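Just input14.csv here, CSV, C-alpha atoms:
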chain,number,residue,atom,x,y,z
A,1379,MET,CA,-9.7,15.7,-16.0
A,1380,PRO,CA,-11.3,18.8,-14.6
A,1381,ASN,CA,-9.3,21.2,-12.5
A,1382,ILE,CA,-10.7,22.0,-9.1
A,1383,GLY,CA,-10.0,25.5,-7.9
A,1384,THR,CA,-10.2,27.3,-4.7
A,1385,THR,CA,-13.8,28.5,-5.3
A,1386,GLU,CA,-15.0,24.9,-5.9
A,1387,LEU,CA,-13.3,23.7,-2.8
A,1388,LEU,CA,-14.9,26.4,-0.7
A,1389,ILE,CA,-18.3,25.6,-2.1
A,1390,LEU,CA,-17.8,21.9,-1.4
A,1391,LEU,CA,-16.7,22.7,2.2
A,1392,LEU,CA,-19.8,24.9,2.7
A,1393,VAL,CA,-22.1,22.1,1.4
A,1394,VAL,CA,-20.4,19.5,3.7
A,1395,VAL,CA,-20.8,21.9,6.7
A,1396,LEU,CA,-24.5,22.4,5.8
A,1397,ILE,CA,-25.2,18.7,5.5
A,1398,PHE,CA,-23.3,17.4,8.5
A,1399,GLY,CA,-23.2,20.4,10.8
A,1400,SER,CA,-20.1,21.9,12.3
A,1401,ALA,CA,-20.3,19.9,15.5
A,1402,LYS,CA,-20.0,16.5,13.7
A,1403,LEU,CA,-17.1,17.5,11.4
A,1404,PRO,CA,-14.3,16.5,13.8
A,1405,GLN,CA,-16.0,13.1,14.4
A,1406,LEU,CA,-16.4,12.6,10.7
A,1407,ALA,CA,-12.7,13.5,10.1
A,1408,ARG,CA,-11.6,11.2,12.9
A,1409,SER,CA,-13.6,8.2,11.5
A,1410,LEU,CA,-12.3,9.0,8.0
A,1411,GLY,CA,-8.7,9.0,9.2
A,1412,LYS,CA,-9.2,5.7,11.1
A,1413,SER,CA,-10.7,4.1,7.9
A,1414,ALA,CA,-7.7,5.3,5.9
A,1415,ARG,CA,-5.2,3.8,8.4
A,1416,ILE,CA,-7.1,0.5,8.4
A,1417,LEU,CA,-7.1,0.4,4.6
A,1418,LYS,CA,-3.4,1.3,4.5
A,1419,ALA,CA,-2.6,-1.5,6.9
A,1420,GLU,CA,-4.7,-4.1,4.9
A,1421,THR,CA,-3.1,-3.2,1.6
A,1422,LYS,CA,0.4,-3.4,3.1
A,1423,GLY,CA,-0.5,-6.9,4.5
A,1424,LEU,CA,-1.7,-7.9,1.0
A,1425,ARG,CA,1.5,-6.7,-0.6
A,1426,GLU,CA,3.6,-8.6,1.9
A,1427,ASP,CA,1.5,-11.7,1.2
A,1428,ASP,CA,2.1,-11.3,-2.5
A,1429,ASP,CA,5.8,-10.8,-2.0
A,1430,THR,CA,6.2,-14.0,-0.1
A,1431,GLU,CA,4.2,-16.0,-2.7
A,1432,ASP,CA,6.3,-14.6,-5.5
A,1433,THR,CA,9.6,-15.5,-3.9
A,1434,GLY,CA,8.3,-18.9,-2.6
A,1435,THR,CA,9.6,-18.1,0.9
A,1436,LYS,CA,7.8,-18.0,4.2
A,1437,PRO,CA,8.0,-15.0,6.5
A,1438,ALA,CA,10.8,-15.5,9.1
A,1439,ALA,CA,9.5,-17.3,12.2
A,1440,LYS,CA,10.4,-16.1,15.7
A,1441,PRO,CA,13.0,-18.2,17.5
A,1442,ALA,CA,11.6,-20.5,20.2
A,1443,ASP,CA,12.3,-19.5,23.8
A,1444,SER,CA,14.4,-22.4,25.2
A,1445,ALA,CA,14.9,-20.8,28.7
A,1446,GLY,CA,12.2,-23.0,30.2
A,1447,SER,CA,13.7,-26.3,29.0

Could I get this file's structure written as structure tokens?
Amino acid sequence: MPNIGTTELLILLLVVVLIFGSAKLPQLARSLGKSARILKAETKGLREDDDTEDTGTKPAAKPADSAGS
């Protein structure tokens, strides 16, 4: 696996700035962060689904509100 040094990172950053422009970098970073959060939430949900299937139990249901009866 190749080692990426400081020089390579600076060159990569320069290429990204040249391609996208400095004005769009915050928007690009924001959308990348949002995508990462969505991916994390989805994988967590899939893991929880797998855990409930492995144990054969259902997730705990919320108790019904009997105040109106």

Between atom CA of Lys1418 of chain A and atom CA of Leu1387 of chain A - distance in Å to one decimal: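 Separating atom CA of Leu1387 of chain A from atom CA of Lys1418 of chain A is a distance of 25.6 Å.
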
Just to confirm, what's the straight-line distance from atom CA of Ser1409 of chain A to atom CA of Glu1426 of chain A in Å (one decimal)? 25.9 Å

What is the distance, in Å and to one decimal place, between atom CA of Leu1390 of chain A and atom CA of Leu1403 of chain A?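 Interatomic distance, atom CA of Leu1390 of chain A to atom CA of Leu1403 of chain A: 13.6 Å.
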